[in-house]
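A.B. asks: Have a look at this one before I ask anything.
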Amino acid sequence: MQQTQQRETGERISWARALIFAVGFFFIAALLVGQLPSYVNLEMISSSLVGLEQTLLAIAFVCLGGFLVVQAIIMLFDPKPVVPPVIFKALGVILAAGGAVLIFWAAATGNQTVPHANAGWNPLLGGSVLWFPANAVDLVALGAILLFVGVAWLFYGVLATREQNDPDRRDPGTTRGMRTLITIGTVMLVVFMLFFAFVSPEGLAKVVNPACPTAALHGCSWSTGLFWVNTAYNLFLTIAIFCTLGAFALRLHYLMRPVRKNTMKGLYAVGVNLAPIGALCLVAWFALYPFMYWFHGLPALGAFFTVCARKSAIPQSCGFSQEGGNLMGAILTTNGFVILIAAVWAWRTKRNLVVIGGVVIAVLLALVTLLTHTGFTASTPYQPIIALMLCAGGLILATIWTSVSRREFAVVGERPLGCLGMWLVVGTCLFIYIASFGFFSLPGFSDPTEPNLPFSPGALLGTKSQLDAIVVVIIIGILAAIQFYFLVRNRYRV
């Protein structure tokens, strides 16, 4: 009897979808293994621990906010609403309104960070309020996470109400509404990048209010030209972010809906792990200065891992030494590497967990990038704007990644890769890497290292401009899009 071998088609995937998955995991690896540990290391070895305090609080906000959103999804959809959707809709409106008001009030009145330097309440260890130094709490970051959680609760409350009246549980794929939202968000981001490159906020502020372009001039109130220009810039990018978030949330909802028994476990596992991480960061924020005071007094370890500028101001003038920063960076890098290796190991047996966890972590990392860079100084005047741009870029990637996760291993074609297909895959990866290299050269953050591609806005309205990074993003991005189009069109299979 002739033996026939059955062709295995369960693991087949198109090269276009494989490329999107690879790009998503690459950026998660870059952030978890490289960027986040290096940023925490930088804040730890700074002369002041205020930046580390704000970073810990921002990470705690994102993790706890993500936990609240995941819990809302579970209570509304697994397997049926445990809490009436109207409660989440009402609470969502309250939280979103409160967050928006807090953001505008903090930015308009100059009270973005508290406590103030002249504040005092039961000072301990040289702090302003208890042991906390001035500017330890970022109210804009708090308002942003309240706005995010409120909008998410309202969004999923509306979806739950609609699902109660509609028995359909199919996955409609990437619908017209989702395509419209992601298109609007992407176009707004690209348009803003071009506009920002040629018109800096300072240059436009001088046109809007020539008498008081900035609040630094004598006699100017808070309602200067620069305040309104920054408000308009930030609002424009915020709309782009919420369009992309809406597309992501709706696509993730449809992706999980037909197979909730399998996917809800993965989402619950991610959400449960976010809570202890957020709580740990919150405890670290609360106990950082007492810990530094105790740790610096240890005979050998204190002198090795800590550095204090003044013996009369401990722990306020203290920071961690380079060895202490390297140790924490190594711990964070190792944990990120273990998570990625675990994802590779679980890819075959727990694919739903890897996909759901990957896209959720990508969104949370985008939000962490925003919340850790909400303030600005004279040396980093564009930090909030750049942070909004990076957040929008990360959300667009997560949305596209979620969109291609539907039947990602279906047989999509029989064409072998061949020489041309190999160039399309390798060339597209190379172009995406170079374009992303230019995109991540935009930040003017507090990192003392110079970007490899210089950038400063204001080619038409501004003092000086260097558009190398923007030029690389636009040109190489167009080439990557062209190659990716032909990769999709030819339907190559892995």
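Residues in the structure tokens are numbered from 1 in each chain, the chains being A, B, ... in the order shown, and ligands are numbered from 1 in the order shown.
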For Ser48 in chain A, work out the shell of residues within 7 Å, counting only C-alpha atoms and skipping chain neighbours fewer than 4 positions away, then give it as a list in words.
C.D. replies: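 With the cut-off at 7 Å, the set is Ser317, Cys318 and Gly319 of chain A.
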A.B. asks: Any chance you can output those residues with C-alpha atoms as an mmCIF file, in the first residue's frame?
C.D. replies:
data_model
loop_
_atom_site.group_PDB
_atom_site.id
_atom_site.type_symbol
_atom_site.label_atom_id
_atom_site.label_comp_id
_atom_site.auth_asym_id
_atom_site.auth_seq_id
_atom_site.Cartn_x
_atom_site.Cartn_y
_atom_site.Cartn_z
ATOM 1 C CA SER A 317 21.495 65.006 47.936
ATOM 2 C CA CYS A 318 22.098 61.288 47.372
ATOM 3 C CA GLY A 319 21.908 59.106 44.312
#
A.B. asks: Find the residues near range 189-202 of chain A: any atom within 9 Å, counting only C-alpha atoms, skip ones fewer than 3 places away on the same chain, and give them as a compact mmCIF listing (two decimals) with N, CA and C atoms, in the first residue's frame.
C.D. replies:
# COMPACT_ATOMS: atom_id res chain seq x y z
N ILE A 184 -6.81 57.55 10.19
CA ILE A 184 -6.82 58.92 10.73
C ILE A 184 -5.63 59.11 11.68
N GLY A 185 -5.40 58.16 12.58
CA GLY A 185 -4.30 58.29 13.52
C GLY A 185 -2.95 58.33 12.83
N THR A 186 -2.75 57.47 11.83
CA THR A 186 -1.47 57.43 11.13
C THR A 186 -1.24 58.69 10.32
N ALA A 205 4.53 80.58 18.34
CA ALA A 205 4.08 81.39 19.47
C ALA A 205 4.36 82.87 19.25
N LYS A 206 5.48 83.18 18.61
CA LYS A 206 5.79 84.59 18.33
C LYS A 206 4.82 85.19 17.32
N VAL A 207 4.26 84.37 16.46
CA VAL A 207 3.27 84.86 15.50
C VAL A 207 1.91 85.01 16.18
N PRO A 213 5.35 85.91 23.77
CA PRO A 213 5.44 84.55 23.23
C PRO A 213 5.68 83.50 24.31
N THR A 214 6.42 83.88 25.37
CA THR A 214 6.67 82.93 26.46
C THR A 214 6.40 83.61 27.78
N GLY A 225 1.36 82.97 24.14
CA GLY A 225 1.26 82.30 22.85
C GLY A 225 1.81 80.90 22.90
N LEU A 226 2.92 80.69 23.64
CA LEU A 226 3.52 79.37 23.71
C LEU A 226 2.60 78.37 24.41
N VAL A 229 -0.05 77.38 21.85
CA VAL A 229 0.54 76.58 20.77
C VAL A 229 0.83 75.17 21.27
N ASN A 230 1.45 75.05 22.43
CA ASN A 230 1.72 73.72 22.99
C ASN A 230 0.42 72.95 23.24
N TYR A 233 -0.77 71.69 19.84
CA TYR A 233 0.07 70.58 19.39
C TYR A 233 -0.29 69.30 20.16
N PHE A 236 -3.75 67.89 19.24
CA PHE A 236 -3.74 67.23 17.94
C PHE A 236 -3.19 65.81 18.06
N LEU A 237 -2.07 65.66 18.75
CA LEU A 237 -1.49 64.34 18.92
C LEU A 237 -2.33 63.45 19.82
N ALA A 240 -4.93 61.85 17.73
CA ALA A 240 -4.34 60.75 16.97
C ALA A 240 -4.15 59.51 17.85
N ILE A 241 -3.72 59.72 19.10
CA ILE A 241 -3.51 58.60 20.01
C ILE A 241 -4.83 57.90 20.32
N TYR A 382 10.87 70.22 23.99
CA TYR A 382 9.91 69.49 23.16
C TYR A 382 9.62 68.10 23.71
N MET A 389 4.42 61.73 20.20
CA MET A 389 4.69 61.14 18.89
C MET A 389 5.15 59.69 19.03
N ALA A 392 2.20 57.51 20.00
CA ALA A 392 1.33 57.25 18.84
C ALA A 392 1.95 56.21 17.91
N GLY A 393 3.27 56.31 17.69
CA GLY A 393 3.93 55.32 16.83
C GLY A 393 3.84 53.91 17.40
N PHE A 455 18.18 66.28 15.13
CA PHE A 455 16.86 66.83 14.80
C PHE A 455 16.56 68.00 15.73
N SER A 456 16.10 69.10 15.14
CA SER A 456 15.52 70.22 15.87
C SER A 456 14.55 70.90 14.91
N PRO A 457 13.33 71.21 15.38
CA PRO A 457 12.29 71.74 14.48
C PRO A 457 12.47 73.22 14.19
N GLY A 458 11.68 73.69 13.22
CA GLY A 458 11.65 75.12 12.93
C GLY A 458 12.33 75.53 11.65
N ALA A 459 12.18 74.76 10.58
CA ALA A 459 12.83 75.13 9.32
C ALA A 459 12.25 76.41 8.73
N LEU A 460 10.95 76.66 8.92
CA LEU A 460 10.32 77.88 8.41
C LEU A 460 10.08 78.89 9.51
N LEU A 461 9.56 78.45 10.64
CA LEU A 461 9.31 79.32 11.79
C LEU A 461 10.06 78.75 12.99
N GLY A 462 11.18 79.36 13.31
CA GLY A 462 11.99 78.89 14.41
C GLY A 462 13.37 79.49 14.34
N THR A 463 14.16 79.20 15.35
CA THR A 463 15.51 79.78 15.41
C THR A 463 16.50 78.98 14.58
N SER A 465 17.20 74.77 12.75
CA SER A 465 16.57 73.49 12.46
C SER A 465 17.60 72.52 11.91
N GLN A 466 17.42 71.27 12.25
CA GLN A 466 18.16 70.14 11.69
C GLN A 466 17.15 69.03 11.44
N LEU A 467 16.93 68.71 10.19
CA LEU A 467 15.85 67.81 9.81
C LEU A 467 16.35 66.44 9.34
N ILE A 470 14.01 63.49 10.39
CA ILE A 470 12.73 63.49 9.68
C ILE A 470 12.91 63.07 8.23
N ILE A 474 10.98 59.83 6.52
CA ILE A 474 10.06 59.95 5.37
C ILE A 474 10.56 59.14 4.17
A.B. asks: Can you list, as an mmCIF file with C-alpha atoms, in the first residue's frame, every protein, DNA or RNA residue that comes within 6 Å of Gly438 in chain A when you count only C-alpha atoms, leaving out same-chain residues fewer than 6 positions away?
C.D. replies:
data_model
loop_
_atom_site.group_PDB
_atom_site.id
_atom_site.type_symbol
_atom_site.label_atom_id
_atom_site.label_comp_id
_atom_site.auth_asym_id
_atom_site.auth_seq_id
_atom_site.Cartn_x
_atom_site.Cartn_y
_atom_site.Cartn_z
ATOM 1 C CA ALA A 469 16.014 62.432 11.314
ATOM 2 C CA VAL A 472 15.395 59.633 6.958
ATOM 3 C CA VAL A 473 11.991 58.660 8.387
#
A.B. asks: With only C-alpha atoms counted and 10 Å as the cut-off, give the residues of range 116-188 of chain A in contact with range 255-262 of chain A, each with its shortest interatomic distance in Å and the pair that gives it, as a tab-separated table.
C.D. replies:
residue	atom	partner	partner_atom	distance
A:Asp168	CA	A:Pro258	CA	9.3
A:Arg169	CA	A:Pro258	CA	5.5
A:Arg170	CA	A:Pro258	CA	5.5
A:Asp171	CA	A:Leu255	CA	6.0
A:Pro172	CA	A:Leu255	CA	8.6
A:Gly173	CA	A:Leu255	CA	7.5
A:Thr174	CA	A:Leu255	CA	9.4
A.B. asks: For N, CA and C atoms, I'd like the residues from the last selection saved as a compact mmCIF listing (two decimals), in the first residue's frame.
C.D. replies:
# COMPACT_ATOMS: atom_id res chain seq x y z
N ASP A 168 -24.58 37.92 17.92
CA ASP A 168 -23.48 37.61 17.01
C ASP A 168 -22.16 37.68 17.76
N ARG A 169 -21.36 36.59 17.67
CA ARG A 169 -20.06 36.55 18.32
C ARG A 169 -18.95 36.27 17.30
N ARG A 170 -19.20 36.54 16.04
CA ARG A 170 -18.19 36.32 15.02
C ARG A 170 -17.10 37.40 15.08
N ASP A 171 -15.99 37.11 14.45
CA ASP A 171 -14.93 38.09 14.28
C ASP A 171 -15.06 38.70 12.89
N PRO A 172 -15.52 39.95 12.78
CA PRO A 172 -15.71 40.54 11.45
C PRO A 172 -14.41 40.98 10.79
N GLY A 173 -13.28 40.77 11.47
CA GLY A 173 -12.02 41.19 10.89
C GLY A 173 -11.78 42.68 11.11
N THR A 174 -10.97 43.23 10.25
CA THR A 174 -10.67 44.66 10.32
C THR A 174 -11.78 45.42 9.59
A.B. asks: Report as a ChimeraX atom specification: the residues of range 103-184 of chain A with a DSSP assignment of helix (DSSP H, G or I), based on the backbone of this structure.
C.D. replies: /A:103-109,139-164,176-184
A.B. asks: How would the residues just chosen look if you wrote them out with N, CA and C atoms as a tab-separated table (two decimals), in the first residue's frame?
C.D. replies:
chain	number	residue	atom	x	y	z
A	103	ILE	N	-5.39	67.50	33.95
A	103	ILE	CA	-4.30	67.80	33.01
A	103	ILE	C	-4.29	69.27	32.64
A	104	PHE	N	-5.46	69.81	32.27
A	104	PHE	CA	-5.51	71.21	31.84
A	104	PHE	C	-5.20	72.14	33.01
A	105	TRP	N	-5.72	71.84	34.20
A	105	TRP	CA	-5.45	72.70	35.35
A	105	TRP	C	-3.97	72.70	35.71
A	106	ALA	N	-3.34	71.52	35.71
A	106	ALA	CA	-1.93	71.45	36.07
A	106	ALA	C	-1.06	72.18	35.06
A	107	ALA	N	-1.39	72.03	33.75
A	107	ALA	CA	-0.59	72.70	32.73
A	107	ALA	C	-0.82	74.21	32.73
A	108	ALA	N	-2.07	74.64	32.95
A	108	ALA	CA	-2.39	76.06	32.87
A	108	ALA	C	-1.87	76.85	34.06
A	109	THR	N	-1.88	76.24	35.24
A	109	THR	CA	-1.49	76.95	36.45
A	109	THR	C	-0.03	76.73	36.83
A	139	LEU	N	1.34	65.48	38.32
A	139	LEU	CA	-0.12	65.48	38.22
A	139	LEU	C	-0.60	65.26	36.79
A	140	VAL	N	0.18	65.66	35.79
A	140	VAL	CA	-0.21	65.43	34.40
A	140	VAL	C	-0.21	63.93	34.10
A	141	ALA	N	0.78	63.21	34.62
A	141	ALA	CA	0.80	61.75	34.43
A	141	ALA	C	-0.40	61.10	35.11
A	142	LEU	N	-0.75	61.59	36.30
A	142	LEU	CA	-1.93	61.06	36.99
A	142	LEU	C	-3.20	61.35	36.20
A	143	GLY	N	-3.34	62.58	35.70
A	143	GLY	CA	-4.51	62.91	34.90
A	143	GLY	C	-4.58	62.11	33.62
A	144	ALA	N	-3.43	61.84	33.00
A	144	ALA	CA	-3.41	61.08	31.75
A	144	ALA	C	-3.88	59.64	31.97
A	145	ILE	N	-3.46	59.01	33.07
A	145	ILE	CA	-3.89	57.63	33.30
A	145	ILE	C	-5.35	57.58	33.69
A	146	LEU	N	-5.84	58.60	34.42
A	146	LEU	CA	-7.28	58.66	34.72
A	146	LEU	C	-8.09	58.80	33.44
A	147	LEU	N	-7.61	59.64	32.54
A	147	LEU	CA	-8.30	59.82	31.25
A	147	LEU	C	-8.30	58.52	30.45
A	148	PHE	N	-7.17	57.82	30.43
A	148	PHE	CA	-7.06	56.56	29.69
A	148	PHE	C	-8.01	55.50	30.26
A	149	VAL	N	-8.00	55.32	31.58
A	149	VAL	CA	-8.87	54.31	32.20
A	149	VAL	C	-10.34	54.69	32.01
A	150	GLY	N	-10.68	55.97	32.17
A	150	GLY	CA	-12.06	56.39	32.01
A	150	GLY	C	-12.59	56.16	30.61
A	151	VAL	N	-11.80	56.53	29.60
A	151	VAL	CA	-12.23	56.31	28.22
A	151	VAL	C	-12.34	54.82	27.92
A	152	ALA	N	-11.39	54.01	28.42
A	152	ALA	CA	-11.45	52.57	28.18
A	152	ALA	C	-12.68	51.95	28.84
A	153	TRP	N	-13.00	52.34	30.08
A	153	TRP	CA	-14.20	51.81	30.73
A	153	TRP	C	-15.46	52.21	29.98
A	154	LEU	N	-15.52	53.45	29.53
A	154	LEU	CA	-16.69	53.90	28.76
A	154	LEU	C	-16.80	53.13	27.46
A	155	PHE	N	-15.68	52.93	26.79
A	155	PHE	CA	-15.66	52.23	25.50
A	155	PHE	C	-16.15	50.79	25.66
A	156	TYR	N	-15.59	50.07	26.61
A	156	TYR	CA	-15.97	48.67	26.78
A	156	TYR	C	-17.37	48.55	27.39
A	157	GLY	N	-17.81	49.54	28.17
A	157	GLY	CA	-19.19	49.53	28.64
A	157	GLY	C	-20.18	49.64	27.50
A	158	VAL	N	-19.87	50.49	26.53
A	158	VAL	CA	-20.73	50.61	25.35
A	158	VAL	C	-20.72	49.32	24.55
A	159	LEU	N	-19.54	48.70	24.37
A	159	LEU	CA	-19.46	47.43	23.64
A	159	LEU	C	-20.26	46.34	24.34
A	160	ALA	N	-20.19	46.29	25.67
A	160	ALA	CA	-20.93	45.26	26.41
A	160	ALA	C	-22.43	45.46	26.27
A	161	THR	N	-22.89	46.71	26.30
A	161	THR	CA	-24.32	46.98	26.12
A	161	THR	C	-24.77	46.56	24.73
A	162	ARG	N	-23.97	46.87	23.74
A	162	ARG	CA	-24.34	46.49	22.37
A	162	ARG	C	-24.32	44.98	22.20
A	163	GLU	N	-23.37	44.29	22.86
A	163	GLU	CA	-23.28	42.84	22.71
A	163	GLU	C	-24.45	42.13	23.40
A	164	GLN	N	-24.99	42.73	24.45
A	164	GLN	CA	-26.15	42.12	25.11
A	164	GLN	C	-27.37	42.09	24.19
A	176	ARG	N	-14.52	48.57	8.55
A	176	ARG	CA	-14.30	49.89	7.98
A	176	ARG	C	-14.04	50.93	9.07
A	177	GLY	N	-14.74	50.80	10.19
A	177	GLY	CA	-14.52	51.75	11.28
A	177	GLY	C	-13.10	51.67	11.82
A	178	MET	N	-12.58	50.46	11.98
A	178	MET	CA	-11.21	50.31	12.47
A	178	MET	C	-10.20	50.83	11.46
A	179	ARG	N	-10.43	50.52	10.18
A	179	ARG	CA	-9.52	51.04	9.15
A	179	ARG	C	-9.54	52.56	9.13
A	180	THR	N	-10.73	53.14	9.33
A	180	THR	CA	-10.84	54.60	9.35
A	180	THR	C	-10.07	55.19	10.53
A	181	LEU	N	-10.22	54.59	11.70
A	181	LEU	CA	-9.54	55.10	12.88
A	181	LEU	C	-8.03	55.00	12.76
A	182	ILE	N	-7.52	53.86	12.32
A	182	ILE	CA	-6.07	53.70	12.22
A	182	ILE	C	-5.52	54.59	11.11
A	183	THR	N	-6.29	54.78	10.04
A	183	THR	CA	-5.84	55.68	8.97
A	183	THR	C	-5.78	57.12	9.47
A	184	ILE	N	-6.81	57.55	10.19
A	184	ILE	CA	-6.82	58.92	10.73
A	184	ILE	C	-5.63	59.11	11.68
A.B. asks: List every residue of range 14-65 of chain A that has an atom at most 12 Å from any atom of range 343-366 of chain A, giving for each one its closest atom pair and the distance in Å to one decimal, counting only C-alpha atoms, sorted by chain and then by ascending residue number, as JSON lines.
C.D. replies:
{"residue": "A:Ile20", "atom": "CA", "partner": "A:Val359", "partner_atom": "CA", "distance": 11.8}
{"residue": "A:Phe21", "atom": "CA", "partner": "A:Val355", "partner_atom": "CA", "distance": 9.1}
{"residue": "A:Ala22", "atom": "CA", "partner": "A:Gly358", "partner_atom": "CA", "distance": 11.3}
{"residue": "A:Val23", "atom": "CA", "partner": "A:Ala362", "partner_atom": "CA", "distance": 11.4}
{"residue": "A:Gly24", "atom": "CA", "partner": "A:Ala362", "partner_atom": "CA", "distance": 7.8}
{"residue": "A:Phe25", "atom": "CA", "partner": "A:Gly358", "partner_atom": "CA", "distance": 7.5}
{"residue": "A:Phe26", "atom": "CA", "partner": "A:Ala362", "partner_atom": "CA", "distance": 10.7}
{"residue": "A:Phe27", "atom": "CA", "partner": "A:Ala362", "partner_atom": "CA", "distance": 8.2}
{"residue": "A:Ile28", "atom": "CA", "partner": "A:Ala362", "partner_atom": "CA", "distance": 6.3}
{"residue": "A:Ala29", "atom": "CA", "partner": "A:Ala362", "partner_atom": "CA", "distance": 10.0}
{"residue": "A:Ala30", "atom": "CA", "partner": "A:Leu365", "partner_atom": "CA", "distance": 10.9}
{"residue": "A:Leu31", "atom": "CA", "partner": "A:Leu365", "partner_atom": "CA", "distance": 7.6}
{"residue": "A:Leu32", "atom": "CA", "partner": "A:Leu365", "partner_atom": "CA", "distance": 8.5}
{"residue": "A:Gln35", "atom": "CA", "partner": "A:Leu365", "partner_atom": "CA", "distance": 10.5}
{"residue": "A:Leu36", "atom": "CA", "partner": "A:Leu365", "partner_atom": "CA", "distance": 9.1}
{"residue": "A:Ala58", "atom": "CA", "partner": "A:Leu365", "partner_atom": "CA", "distance": 11.2}
{"residue": "A:Ile59", "atom": "CA", "partner": "A:Leu365", "partner_atom": "CA", "distance": 9.2}
{"residue": "A:Ala60", "atom": "CA", "partner": "A:Leu364", "partner_atom": "CA", "distance": 11.2}
{"residue": "A:Phe61", "atom": "CA", "partner": "A:Leu364", "partner_atom": "CA", "distance": 10.4}
{"residue": "A:Val62", "atom": "CA", "partner": "A:Leu364", "partner_atom": "CA", "distance": 6.6}
{"residue": "A:Cys63", "atom": "CA", "partner": "A:Leu364", "partner_atom": "CA", "distance": 7.5}
{"residue": "A:Leu64", "atom": "CA", "partner": "A:Leu364", "partner_atom": "CA", "distance": 10.6}
{"residue": "A:Gly65", "atom": "CA", "partner": "A:Leu364", "partner_atom": "CA", "distance": 9.4}
A.B. asks: Could you take the residues named above and write them with N, CA and C atoms, as a PDB file, in the first residue's frame?
C.D. replies:
ATOM      1  N   ILE A  20       5.426  41.449  10.257  1.00  0.00           N
ATOM      2  CA  ILE A  20       4.786  42.324  11.240  1.00  0.00           C
ATOM      3  C   ILE A  20       4.980  41.766  12.648  1.00  0.00           C
ATOM      4  N   PHE A  21       4.829  40.445  12.808  1.00  0.00           N
ATOM      5  CA  PHE A  21       5.076  39.842  14.109  1.00  0.00           C
ATOM      6  C   PHE A  21       6.523  40.059  14.538  1.00  0.00           C
ATOM      7  N   ALA A  22       7.458  39.899  13.610  1.00  0.00           N
ATOM      8  CA  ALA A  22       8.866  40.062  13.947  1.00  0.00           C
ATOM      9  C   ALA A  22       9.175  41.500  14.361  1.00  0.00           C
ATOM     10  N   VAL A  23       8.603  42.464  13.649  1.00  0.00           N
ATOM     11  CA  VAL A  23       8.826  43.871  13.999  1.00  0.00           C
ATOM     12  C   VAL A  23       8.262  44.168  15.386  1.00  0.00           C
ATOM     13  N   GLY A  24       7.071  43.647  15.674  1.00  0.00           N
ATOM     14  CA  GLY A  24       6.487  43.868  16.994  1.00  0.00           C
ATOM     15  C   GLY A  24       7.350  43.311  18.110  1.00  0.00           C
ATOM     16  N   PHE A  25       7.803  42.078  17.964  1.00  0.00           N
ATOM     17  CA  PHE A  25       8.641  41.477  18.995  1.00  0.00           C
ATOM     18  C   PHE A  25       9.998  42.171  19.082  1.00  0.00           C
ATOM     19  N   PHE A  26      10.494  42.673  17.945  1.00  0.00           N
ATOM     20  CA  PHE A  26      11.774  43.380  17.963  1.00  0.00           C
ATOM     21  C   PHE A  26      11.679  44.649  18.812  1.00  0.00           C
ATOM     22  N   PHE A  27      10.604  45.412  18.639  1.00  0.00           N
ATOM     23  CA  PHE A  27      10.476  46.646  19.405  1.00  0.00           C
ATOM     24  C   PHE A  27      10.204  46.368  20.879  1.00  0.00           C
ATOM     25  N   ILE A  28       9.438  45.325  21.180  1.00  0.00           N
ATOM     26  CA  ILE A  28       9.252  44.961  22.585  1.00  0.00           C
ATOM     27  C   ILE A  28      10.586  44.566  23.204  1.00  0.00           C
ATOM     28  N   ALA A  29      11.395  43.802  22.458  1.00  0.00           N
ATOM     29  CA  ALA A  29      12.714  43.405  22.967  1.00  0.00           C
ATOM     30  C   ALA A  29      13.599  44.624  23.172  1.00  0.00           C
ATOM     31  N   ALA A  30      13.570  45.563  22.214  1.00  0.00           N
ATOM     32  CA  ALA A  30      14.404  46.759  22.342  1.00  0.00           C
ATOM     33  C   ALA A  30      14.025  47.582  23.557  1.00  0.00           C
ATOM     34  N   LEU A  31      12.726  47.668  23.856  1.00  0.00           N
ATOM     35  CA  LEU A  31      12.282  48.469  24.998  1.00  0.00           C
ATOM     36  C   LEU A  31      12.497  47.748  26.325  1.00  0.00           C
ATOM     37  N   LEU A  32      12.146  46.456  26.382  1.00  0.00           N
ATOM     38  CA  LEU A  32      12.267  45.718  27.637  1.00  0.00           C
ATOM     39  C   LEU A  32      13.717  45.413  27.997  1.00  0.00           C
ATOM     40  N   GLN A  35      15.946  49.830  26.315  1.00  0.00           N
ATOM     41  CA  GLN A  35      15.584  51.211  26.607  1.00  0.00           C
ATOM     42  C   GLN A  35      15.135  51.416  28.051  1.00  0.00           C
ATOM     43  N   LEU A  36      14.214  50.593  28.543  1.00  0.00           N
ATOM     44  CA  LEU A  36      13.706  50.773  29.901  1.00  0.00           C
ATOM     45  C   LEU A  36      14.795  50.587  30.960  1.00  0.00           C
ATOM     46  N   ALA A  58       5.140  56.805  37.424  1.00  0.00           N
ATOM     47  CA  ALA A  58       4.545  56.661  36.098  1.00  0.00           C
ATOM     48  C   ALA A  58       4.349  55.196  35.734  1.00  0.00           C
ATOM     49  N   ILE A  59       5.349  54.353  36.019  1.00  0.00           N
ATOM     50  CA  ILE A  59       5.214  52.922  35.734  1.00  0.00           C
ATOM     51  C   ILE A  59       4.102  52.317  36.587  1.00  0.00           C
ATOM     52  N   ALA A  60       4.007  52.754  37.850  1.00  0.00           N
ATOM     53  CA  ALA A  60       2.926  52.264  38.712  1.00  0.00           C
ATOM     54  C   ALA A  60       1.573  52.677  38.154  1.00  0.00           C
ATOM     55  N   PHE A  61       1.439  53.922  37.681  1.00  0.00           N
ATOM     56  CA  PHE A  61       0.181  54.380  37.090  1.00  0.00           C
ATOM     57  C   PHE A  61      -0.211  53.509  35.898  1.00  0.00           C
ATOM     58  N   VAL A  62       0.741  53.243  35.005  1.00  0.00           N
ATOM     59  CA  VAL A  62       0.432  52.477  33.795  1.00  0.00           C
ATOM     60  C   VAL A  62       0.043  51.046  34.149  1.00  0.00           C
ATOM     61  N   CYS A  63       0.792  50.409  35.038  1.00  0.00           N
ATOM     62  CA  CYS A  63       0.493  49.017  35.390  1.00  0.00           C
ATOM     63  C   CYS A  63      -0.852  48.901  36.101  1.00  0.00           C
ATOM     64  N   LEU A  64      -1.107  49.774  37.071  1.00  0.00           N
ATOM     65  CA  LEU A  64      -2.382  49.713  37.781  1.00  0.00           C
ATOM     66  C   LEU A  64      -3.543  50.113  36.881  1.00  0.00           C
ATOM     67  N   GLY A  65      -3.318  51.109  36.002  1.00  0.00           N
ATOM     68  CA  GLY A  65      -4.364  51.466  35.039  1.00  0.00           C
ATOM     69  C   GLY A  65      -4.657  50.342  34.073  1.00  0.00           C
TER      70      GLY A  65
END
